[in-house]
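A.B. asks: Input file: query05.cif. Contents: mmCIF, C-alpha atoms and all ligand atoms.
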```
data_structure
#
loop_
_atom_site.label_atom_id
_atom_site.label_comp_id
_atom_site.auth_asym_id
_atom_site.auth_seq_id
_atom_site.Cartn_x
_atom_site.Cartn_y
_atom_site.Cartn_z
CA MET A 1 0.00 0.00 0.00
CA SER A 2 1.23 3.50 -0.77
CA ASN A 3 0.89 6.52 1.48
CA PHE A 4 -1.42 8.08 -1.08
CA LEU A 5 -4.47 5.82 -0.75
CA ASN A 6 -7.54 7.54 0.69
CA ASN A 7 -7.91 6.87 4.38
CA SER A 8 -11.36 5.44 3.82
CA TYR A 9 -9.87 2.59 1.75
CA LYS A 10 -6.92 1.73 3.95
CA THR A 11 -8.70 -1.04 5.81
CA LEU A 12 -10.89 -2.16 2.91
CA GLU A 13 -10.85 -5.91 2.43
CA SER A 14 -11.31 -6.66 -1.23
CA TYR A 15 -13.06 -9.61 -2.80
CA VAL A 16 -10.90 -12.68 -3.33
CA PRO A 17 -11.83 -14.44 -6.59
CA GLY A 18 -11.40 -18.19 -6.96
CA GLU A 19 -8.05 -19.29 -8.34
CA GLN A 20 -7.51 -19.12 -12.10
CA PRO A 21 -4.22 -21.02 -12.15
CA THR A 22 -1.75 -20.83 -15.02
CA ASP A 23 0.84 -23.27 -13.64
CA MET A 24 -0.78 -26.53 -14.77
CA LYS A 25 -4.00 -27.94 -16.11
CA TYR A 26 -6.49 -28.75 -13.38
CA ILE A 27 -9.97 -30.20 -13.47
CA LYS A 28 -11.46 -26.85 -12.58
CA LEU A 29 -14.39 -27.16 -10.21
CA ASN A 30 -13.78 -23.98 -8.21
CA THR A 31 -15.46 -20.97 -9.83
CA ASN A 32 -18.84 -22.23 -11.06
CA GLU A 33 -18.11 -21.65 -14.72
CA PHE A 34 -20.15 -23.44 -17.39
CA PRO A 35 -18.30 -26.67 -18.25
CA TYR A 36 -19.15 -26.45 -21.96
CA GLU A 37 -17.92 -24.02 -24.62
CA PRO A 38 -20.10 -21.20 -25.98
CA SER A 39 -22.36 -22.41 -28.80
CA PRO A 40 -20.83 -22.61 -32.29
CA TYR A 41 -23.21 -19.81 -33.36
CA VAL A 42 -21.86 -17.47 -30.66
CA ILE A 43 -18.27 -18.17 -31.66
CA GLU A 44 -19.06 -17.65 -35.34
CA LYS A 45 -20.69 -14.27 -34.66
CA ILE A 46 -17.79 -12.97 -32.58
CA ASN A 47 -15.27 -13.90 -35.27
CA GLU A 48 -17.06 -12.75 -38.38
CA ASP A 49 -18.89 -9.60 -37.55
CA GLU A 50 -17.15 -7.81 -34.83
CA THR A 51 -13.42 -8.29 -34.49
CA LYS A 52 -12.59 -5.93 -37.34
CA LYS A 53 -14.68 -3.20 -35.75
CA LEU A 54 -12.72 -3.08 -32.52
CA ASN A 55 -11.33 0.31 -33.54
CA LEU A 56 -14.84 1.69 -32.98
CA TYR A 57 -16.54 2.22 -29.64
CA PRO A 58 -19.39 -0.15 -28.85
CA ASP A 59 -23.01 1.04 -28.72
CA PRO A 60 -23.16 2.69 -25.27
CA LYS A 61 -26.89 1.95 -25.08
CA SER A 62 -26.42 -1.76 -25.88
CA THR A 63 -29.67 -1.30 -27.79
CA TYR A 64 -29.93 -4.65 -29.56
CA LEU A 65 -28.63 -6.60 -26.59
CA LYS A 66 -31.24 -5.07 -24.29
CA GLU A 67 -34.00 -5.69 -26.82
CA THR A 68 -32.93 -9.31 -27.18
CA ILE A 69 -32.87 -9.92 -23.42
CA ALA A 70 -36.17 -8.06 -22.96
CA LYS A 71 -37.89 -10.18 -25.59
CA ARG A 72 -36.54 -13.43 -24.17
CA TYR A 73 -37.99 -12.67 -20.74
CA GLY A 74 -41.17 -10.89 -21.81
CA PHE A 75 -40.25 -7.31 -20.88
CA ASP A 76 -39.66 -3.98 -22.58
CA ALA A 77 -36.08 -2.86 -23.24
CA LYS A 78 -36.74 0.01 -20.80
CA ASN A 79 -36.91 -2.61 -18.03
CA VAL A 80 -33.44 -3.96 -18.77
CA PHE A 81 -30.03 -2.80 -17.56
CA VAL A 82 -26.89 -4.54 -18.84
CA SER A 83 -23.55 -4.54 -17.08
CA ASN A 84 -19.97 -5.73 -17.15
CA GLY A 85 -20.70 -8.98 -15.36
CA SER A 86 -23.52 -8.94 -12.84
CA ASP A 87 -20.89 -7.78 -10.35
CA GLU A 88 -21.16 -4.32 -11.90
CA THR A 89 -24.94 -4.27 -11.39
CA LEU A 90 -24.41 -5.38 -7.78
CA SER A 91 -21.82 -2.64 -7.30
CA PHE A 92 -24.25 -0.04 -8.65
CA TYR A 93 -27.05 -1.40 -6.44
CA PHE A 94 -25.02 -0.80 -3.30
CA MET A 95 -23.65 2.52 -4.60
CA ALA A 96 -26.87 4.04 -5.86
CA PHE A 97 -29.61 2.80 -3.57
CA CYS A 98 -28.31 1.72 -0.18
CA GLU A 99 -27.34 4.90 1.69
CA ASN A 100 -29.95 4.09 4.34
CA GLY A 101 -28.59 0.62 4.93
CA VAL A 102 -28.81 -2.87 3.50
CA VAL A 103 -29.18 -6.38 4.87
CA PHE A 104 -28.18 -9.80 3.55
CA PRO A 105 -27.57 -13.29 4.97
CA ASP A 106 -24.36 -13.98 6.93
CA ILE A 107 -23.51 -16.78 4.54
CA THR A 108 -23.86 -15.62 0.94
CA TYR A 109 -21.93 -14.19 -2.00
CA GLY A 110 -18.84 -12.59 -0.43
CA PHE A 111 -18.93 -9.57 -2.70
CA TYR A 112 -21.99 -8.07 -0.94
CA GLU A 113 -19.98 -7.27 2.18
CA VAL A 114 -17.10 -5.92 0.09
CA TYR A 115 -19.41 -3.48 -1.72
CA ALA A 116 -21.10 -2.48 1.53
CA ASN A 117 -17.68 -1.60 2.96
CA LEU A 118 -16.44 0.03 -0.25
CA TYR A 119 -19.38 2.45 -0.18
CA ASN A 120 -19.18 2.83 3.58
CA LEU A 121 -22.74 1.64 4.12
CA ASP A 122 -24.55 0.69 7.25
CA TYR A 123 -25.17 -3.02 6.70
CA LYS A 124 -26.32 -5.99 8.70
CA LYS A 125 -25.71 -9.68 8.13
CA ILE A 126 -28.67 -11.80 9.14
CA PRO A 127 -27.66 -15.32 10.27
CA LEU A 128 -29.04 -18.24 8.30
CA LYS A 129 -30.65 -20.99 10.34
CA ASP A 130 -28.46 -23.92 11.45
CA ASP A 131 -29.41 -25.86 8.33
CA PHE A 132 -28.31 -22.86 6.19
CA SER A 133 -31.87 -21.98 5.20
CA ILE A 134 -33.16 -18.41 5.26
CA ASP A 135 -35.66 -17.58 7.98
CA VAL A 136 -38.15 -15.57 5.91
CA SER A 137 -39.61 -13.90 9.01
CA ASP A 138 -36.24 -12.16 9.54
CA TYR A 139 -36.89 -10.12 6.40
CA ILE A 140 -40.59 -9.31 6.74
CA GLY A 141 -41.09 -5.56 7.14
CA ILE A 142 -37.42 -5.01 7.98
CA ASN A 143 -37.44 -1.48 6.58
CA LYS A 144 -34.00 -1.70 4.99
CA ASN A 145 -32.86 -2.54 1.50
CA ILE A 146 -32.32 -6.26 1.04
CA ILE A 147 -30.20 -8.41 -1.21
CA ILE A 148 -30.62 -12.17 -1.40
CA ALA A 149 -28.98 -14.63 -3.76
CA ASN A 150 -31.53 -17.20 -4.92
CA PRO A 151 -30.25 -19.91 -5.18
CA ASN A 152 -27.94 -18.80 -2.41
CA ALA A 153 -24.19 -19.12 -2.70
CA PRO A 154 -22.34 -21.15 -1.61
CA THR A 155 -25.16 -23.41 -0.39
CA GLY A 156 -27.23 -23.64 -3.59
CA MET A 157 -30.40 -23.60 -1.46
CA VAL A 158 -33.54 -21.84 -2.69
CA LEU A 159 -36.29 -19.65 -1.34
CA SER A 160 -39.72 -20.22 -2.86
CA ILE A 161 -41.28 -17.47 -4.99
CA ASP A 162 -44.06 -17.24 -2.39
CA ASP A 163 -41.48 -16.41 0.27
CA ILE A 164 -39.80 -13.86 -1.97
CA GLU A 165 -43.15 -12.23 -2.62
CA LYS A 166 -43.79 -12.01 1.14
CA ILE A 167 -40.46 -10.24 1.58
CA VAL A 168 -41.00 -7.87 -1.35
CA SER A 169 -44.60 -7.00 -0.47
CA SER A 170 -43.79 -6.32 3.18
CA ASN A 171 -40.99 -3.88 2.34
CA LYS A 172 -42.63 -1.62 -0.21
CA ASN A 173 -40.63 1.44 0.90
CA ASN A 174 -37.35 -0.36 0.29
CA LEU A 175 -35.71 -2.23 -2.52
CA VAL A 176 -35.32 -5.99 -2.67
CA ALA A 177 -32.64 -7.29 -5.04
CA ILE A 178 -32.74 -10.97 -5.93
CA ASP A 179 -29.43 -12.19 -7.36
CA GLU A 180 -30.33 -15.08 -9.65
CA ALA A 181 -26.83 -15.98 -10.88
CA TYR A 182 -27.71 -19.71 -10.65
CA VAL A 183 -31.40 -19.71 -11.45
CA ASP A 184 -31.10 -21.56 -14.78
CA PHE A 185 -29.99 -24.81 -13.15
CA GLY A 186 -33.39 -25.68 -11.74
CA ALA A 187 -34.73 -22.90 -9.49
CA GLU A 188 -37.71 -20.65 -10.17
CA SER A 189 -37.13 -17.01 -11.16
CA ALA A 190 -38.71 -14.00 -9.46
CA LEU A 191 -38.99 -12.22 -12.83
CA GLY A 192 -42.72 -12.93 -12.80
CA LEU A 193 -43.07 -10.53 -9.86
CA VAL A 194 -41.31 -7.55 -11.47
CA ASN A 195 -44.42 -6.11 -13.12
CA LYS A 196 -46.32 -6.41 -9.87
CA TYR A 197 -43.79 -4.77 -7.54
CA ASP A 198 -41.93 -1.49 -8.12
CA ASN A 199 -39.40 -2.31 -5.40
CA LEU A 200 -38.03 -5.54 -6.88
CA ILE A 201 -34.81 -5.89 -8.89
CA VAL A 202 -33.93 -9.24 -10.42
CA ILE A 203 -30.27 -9.67 -11.36
CA GLN A 204 -28.91 -12.39 -13.63
CA THR A 205 -25.63 -13.18 -15.39
CA PHE A 206 -24.32 -14.83 -18.54
CA SER A 207 -21.35 -16.17 -16.55
CA LYS A 208 -22.83 -19.31 -15.05
CA SER A 209 -25.43 -20.70 -17.45
CA ARG A 210 -24.43 -19.12 -20.77
CA ALA A 211 -20.74 -19.94 -20.93
CA LEU A 212 -19.65 -16.28 -20.95
CA ALA A 213 -17.79 -15.80 -17.66
CA GLY A 214 -14.87 -14.52 -19.73
CA GLY A 215 -17.07 -12.12 -21.69
CA ARG A 216 -18.39 -10.34 -18.58
CA LEU A 217 -22.10 -9.80 -19.04
CA GLY A 218 -24.89 -9.45 -16.51
CA PHE A 219 -28.27 -7.77 -16.42
CA ALA A 220 -30.97 -6.45 -14.16
CA ILE A 221 -34.71 -6.36 -14.78
CA ALA A 222 -36.85 -3.90 -12.81
CA ASN A 223 -39.31 -1.07 -13.29
CA GLU A 224 -38.36 1.72 -15.66
CA GLY A 225 -37.43 4.26 -12.97
CA ILE A 226 -34.95 1.94 -11.28
CA ILE A 227 -33.37 1.10 -14.64
CA ALA A 228 -33.02 4.84 -15.39
CA ASP A 229 -31.19 5.21 -12.06
CA PHE A 230 -28.81 2.39 -12.98
CA GLU A 231 -28.18 4.12 -16.33
CA LYS A 232 -27.37 7.37 -14.55
CA ILE A 233 -24.66 5.63 -12.53
CA LYS A 234 -23.37 3.84 -15.61
CA TYR A 235 -23.05 7.07 -17.61
CA SER A 236 -21.23 8.56 -14.63
CA THR A 237 -18.67 5.77 -14.40
CA ASN A 238 -18.24 3.76 -17.60
CA PRO A 239 -20.60 4.50 -20.53
CA TYR A 240 -19.03 1.77 -22.69
CA ASN A 241 -19.37 -0.92 -20.05
CA ILE A 242 -20.20 -3.72 -22.49
CA ASN A 243 -17.56 -4.19 -25.15
CA ARG A 244 -18.37 -4.98 -28.77
CA LEU A 245 -17.52 -8.68 -28.69
CA THR A 246 -19.55 -9.22 -25.54
CA GLN A 247 -22.60 -7.41 -26.93
CA ILE A 248 -22.66 -9.68 -29.97
CA ALA A 249 -21.88 -12.76 -27.86
CA GLY A 250 -24.79 -11.98 -25.52
CA ILE A 251 -27.24 -11.38 -28.35
CA SER A 252 -26.17 -14.59 -30.08
CA ALA A 253 -26.32 -16.63 -26.87
CA ILE A 254 -29.94 -15.61 -26.35
CA LYS A 255 -30.73 -16.39 -29.98
CA ASP A 256 -29.27 -19.84 -29.39
CA ASP A 257 -31.13 -20.27 -26.11
CA THR A 258 -32.05 -23.94 -26.52
CA TYR A 259 -28.36 -24.89 -26.77
CA TYR A 260 -27.75 -23.41 -23.32
CA MET A 261 -30.96 -24.45 -21.62
CA ASP A 262 -30.47 -28.06 -22.77
CA LEU A 263 -26.92 -28.06 -21.39
CA CYS A 264 -28.17 -26.54 -18.11
CA LYS A 265 -30.43 -29.60 -17.80
CA GLU A 266 -27.37 -31.76 -18.42
CA VAL A 267 -25.50 -29.95 -15.62
CA ALA A 268 -28.49 -30.46 -13.30
CA LYS A 269 -28.46 -34.20 -14.07
CA THR A 270 -24.73 -34.37 -13.40
CA ARG A 271 -25.34 -32.51 -10.13
CA GLU A 272 -27.83 -35.15 -8.99
CA PHE A 273 -25.34 -37.91 -9.91
CA THR A 274 -22.63 -36.11 -7.95
CA LYS A 275 -24.89 -35.61 -4.91
CA ASN A 276 -25.66 -39.33 -4.91
CA GLU A 277 -22.06 -40.46 -5.17
CA LEU A 278 -20.85 -38.02 -2.51
CA THR A 279 -23.61 -39.16 -0.16
CA LYS A 280 -22.47 -42.75 -0.65
CA LEU A 281 -18.96 -41.64 0.37
CA GLY A 282 -20.31 -40.25 3.63
CA PHE A 283 -20.58 -36.59 2.71
CA THR A 284 -23.35 -34.33 4.03
CA LEU A 285 -24.78 -32.04 1.35
CA THR A 286 -27.09 -29.07 1.16
CA ASP A 287 -30.05 -29.32 -1.23
CA SER A 288 -28.39 -27.40 -4.04
CA TYR A 289 -30.29 -26.23 -7.11
CA ALA A 290 -27.21 -24.50 -8.54
CA ASN A 291 -24.32 -25.70 -10.71
CA PHE A 292 -22.34 -26.65 -7.63
CA VAL A 293 -22.73 -28.78 -4.52
CA PHE A 294 -21.79 -27.82 -0.98
CA ALA A 295 -20.47 -30.78 0.96
CA SER A 296 -18.74 -31.68 4.21
CA HIS A 297 -17.42 -34.97 5.60
CA LYS A 298 -17.46 -35.63 9.32
CA ASN A 299 -14.11 -37.44 9.26
CA PHE A 300 -12.19 -35.01 7.07
CA ASP A 301 -11.15 -31.42 7.50
CA GLY A 302 -12.42 -29.17 4.68
CA GLU A 303 -9.14 -27.39 4.06
CA LYS A 304 -7.13 -30.62 4.04
CA LEU A 305 -9.53 -32.19 1.57
CA TYR A 306 -9.24 -29.11 -0.65
CA LEU A 307 -5.42 -29.29 -0.56
CA ASN A 308 -5.41 -33.02 -1.15
CA LEU A 309 -7.69 -32.67 -4.18
CA LYS A 310 -5.50 -29.85 -5.50
CA SER A 311 -2.39 -32.01 -5.30
CA ASN A 312 -4.36 -34.54 -7.35
CA GLY A 313 -5.07 -31.94 -10.04
CA ILE A 314 -8.63 -31.09 -8.99
CA LEU A 315 -9.51 -27.55 -7.90
CA VAL A 316 -12.53 -26.95 -5.68
CA ARG A 317 -13.40 -23.97 -3.48
CA HIS A 318 -12.86 -23.85 0.26
CA PHE A 319 -13.96 -20.87 2.39
CA LYS A 320 -12.45 -20.06 5.76
CA GLY A 321 -15.62 -18.56 7.30
CA GLU A 322 -16.32 -20.05 10.74
CA ARG A 323 -19.70 -21.61 9.91
CA ILE A 324 -18.64 -23.09 6.58
CA LYS A 325 -14.98 -24.02 7.00
CA ASP A 326 -15.79 -27.74 7.04
CA TYR A 327 -17.40 -27.51 3.62
CA LEU A 328 -16.21 -27.67 0.03
CA ARG A 329 -18.03 -25.95 -2.78
CA ILE A 330 -17.64 -28.15 -5.82
CA THR A 331 -18.68 -26.85 -9.25
CA ILE A 332 -20.52 -29.32 -11.45
CA GLY A 333 -18.29 -30.03 -14.45
CA LYS A 334 -18.77 -32.48 -17.28
CA MET A 335 -19.80 -35.99 -16.24
CA GLU A 336 -16.32 -37.35 -16.98
CA ASP A 337 -14.74 -34.77 -14.66
CA MET A 338 -17.14 -35.61 -11.85
CA LYS A 339 -16.28 -39.30 -12.23
CA VAL A 340 -12.59 -38.45 -11.78
CA LEU A 341 -13.51 -36.38 -8.73
CA ILE A 342 -15.45 -39.24 -7.15
CA LYS A 343 -12.66 -41.74 -7.87
CA THR A 344 -10.06 -39.41 -6.37
CA LEU A 345 -12.18 -38.81 -3.27
CA LYS A 346 -12.62 -42.58 -2.86
CA ASN A 347 -8.84 -42.91 -2.77
CA ILE A 348 -8.42 -40.03 -0.32
CA ILE A 349 -11.16 -41.28 1.98
CA GLY A 350 -9.92 -44.84 1.66
CA GLU A 351 -13.03 -46.66 0.61
C1 LIG B 401 -20.82 -15.56 -9.89
C2 LIG B 401 -21.78 -14.74 -9.15
C3 LIG B 401 -22.03 -13.41 -9.49
C4 LIG B 401 -21.22 -12.61 -10.44
O1 LIG B 401 -21.08 -13.05 -11.64
P1 LIG B 401 -20.54 -12.15 -12.86
O2 LIG B 401 -19.51 -13.02 -13.46
O3 LIG B 401 -20.00 -10.85 -12.34
O4 LIG B 401 -21.75 -11.97 -13.68
C5 LIG B 401 -23.02 -12.73 -8.82
N1 LIG B 401 -23.70 -13.29 -7.83
C6 LIG B 401 -23.47 -14.55 -7.44
C7 LIG B 401 -24.26 -15.11 -6.31
C8 LIG B 401 -22.50 -15.30 -8.08
O5 LIG B 401 -22.23 -16.53 -7.65
#
```
Starting from the coordinates I provided, produce the structure as structure tokens.
Ligand SMILES: *Cc1c(COP(=O)(O)O)cnc(C)c1O
C.D. replies:
Amino acid sequence: MSNFLNNSYKTLESYVPGEQPTDMKYIKLNTNEFPYEPSPYVIEKINEDETKKLNLYPDPKSTYLKETIAKRYGFDAKNVFVSNGSDETLSFYFMAFCENGVVFPDITYGFYEVYANLYNLDYKKIPLKDDFSIDVSDYIGINKNIIIANPNAPTGMVLSIDDIEKIVSSNKNNLVAIDEAYVDFGAESALGLVNKYDNLIVIQTFSKSRALAGGRLGFAIANEGIIADFEKIKYSTNPYNINRLTQIAGISAIKDDTYYMDLCKEVAKTREFTKNELTKLGFTLTDSYANFVFASHKNFDGEKLYLNLKSNGILVRHFKGERIKDYLRITIGKMEDMKVLIKTLKNIIGE
């Protein structure tokens, strides 16, 4: 750290992304990426149409991308905000709307707390129940802005749409953001509530279910006024937040929707296989509806298992947080990768 950094940032703890190693080839089950390549159509569109135009700025309005997303989900383009990964939308949510405070579960996406600290907000972490489920009553009429990941990370557990509606309808003077990064792997979306409630923001990403983690594309759907507020922040920070190649990749991915939604079903099947096999090996698992499982083993330390798997060429994610340090978050890869994982764990566990 230099002597020049603003005082307010000196103690800031930044977000720590999962490893993206360059030293050797691992079976990568640590950052919840899609295990399949983008569709051939997406790759063709990036190559042909856009690369030669990189000397030109992209469309700052992302007009066609917004229209394509809006149509896919049954909204008007005025209800859609697009961002550089959904992380940028999340950043703007905390920056633009949360000066009177914000609450979120104690165990959830780690970036929420980072943003809350970055923007010096008054925030509160609400403990999940012992089984890692959300106690809906904690959020009824709480009178603060709320953000909830559904499915939650890193547990993969879901809140029902009825419960989300109870939270949204009991906090009409505050915003409720639902982060649906993993919704395409089997959970139900809250998008159906957006037209009914002016205080609901649904946030999704192309990183997890549309094979574009490297392209950086996320979006929010909400009422027109909220979207206009997001645009105001965008035009005050980075008007060209979605680059040319990513705009065309996003449009093409939506046009090729069946390719992705079929593969999401494949991932969900592989998840159920993995849950089964891990249970047979003595693991305890949460009921994950995401593209990862969250598992602990009573006889094995989480960190040691993580290190042991890594030395065997398999990367998973281990968090040091007190309540979850016994757990591993394991991304669902291709079936063949999960079979290697299970075989390796059998050896480690000695079955
Ligand atoms: C991965 C993830 C995100 C961010 O994804 P982007 O790559 O920035 O779109 C947001 N929320 C949750 C819960 C995630 O797991």
A.B. asks: Do you know which residues are at most 12 Å from Gly350 of chain A counting only C-alpha atoms, after dropping those on the same chain fewer than 5 positions away, and could you put them as a PDB file with C-alpha atoms, in the frame of the given file?
C.D. replies:
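Contents of the output file result-v1.pdb:
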```pdb
ATOM      1  CA  LEU A 281     -18.960 -41.640   0.370  1.00  0.00           C
ATOM      2  CA  GLY A 282     -20.310 -40.250   3.630  1.00  0.00           C
ATOM      3  CA  ASN A 299     -14.110 -37.440   9.260  1.00  0.00           C
ATOM      4  CA  PHE A 300     -12.190 -35.010   7.070  1.00  0.00           C
ATOM      5  CA  ILE A 342     -15.450 -39.240  -7.150  1.00  0.00           C
ATOM      6  CA  LYS A 343     -12.660 -41.740  -7.870  1.00  0.00           C
ATOM      7  CA  THR A 344     -10.060 -39.410  -6.370  1.00  0.00           C
ATOM      8  CA  LEU A 345     -12.180 -38.810  -3.270  1.00  0.00           C
TER       9      LEU A 345
END
```
A.B. asks: Any residue with an atom at most 9 Å from ligand LIG 401 (chain B) counts, using all atoms listed in the file. Which are they? Put them as a count of residues only.
C.D. replies: 41
A.B. asks: Using atom CA of Val316 of chain A and atom CA of Arg329 of chain A as the two end points, give the distance in Å to one decimal.
C.D. replies: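 Distance between the two atoms: 6.3 Å.
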A.B. asks: What is the distance between atom CA of Asp287 of chain A and atom CA of Ile107 of chain A, in Å to one decimal?
C.D. replies: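 Atom-to-atom, atom CA of Asp287 of chain A and atom CA of Ile107 of chain A are spaced 15.3 Å apart.
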A.B. asks: Interatomic distance between atom CA of Asn55 of chain A and atom CA of Gln247 of chain A?
C.D. replies: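 It comes out at 15.2 Å.
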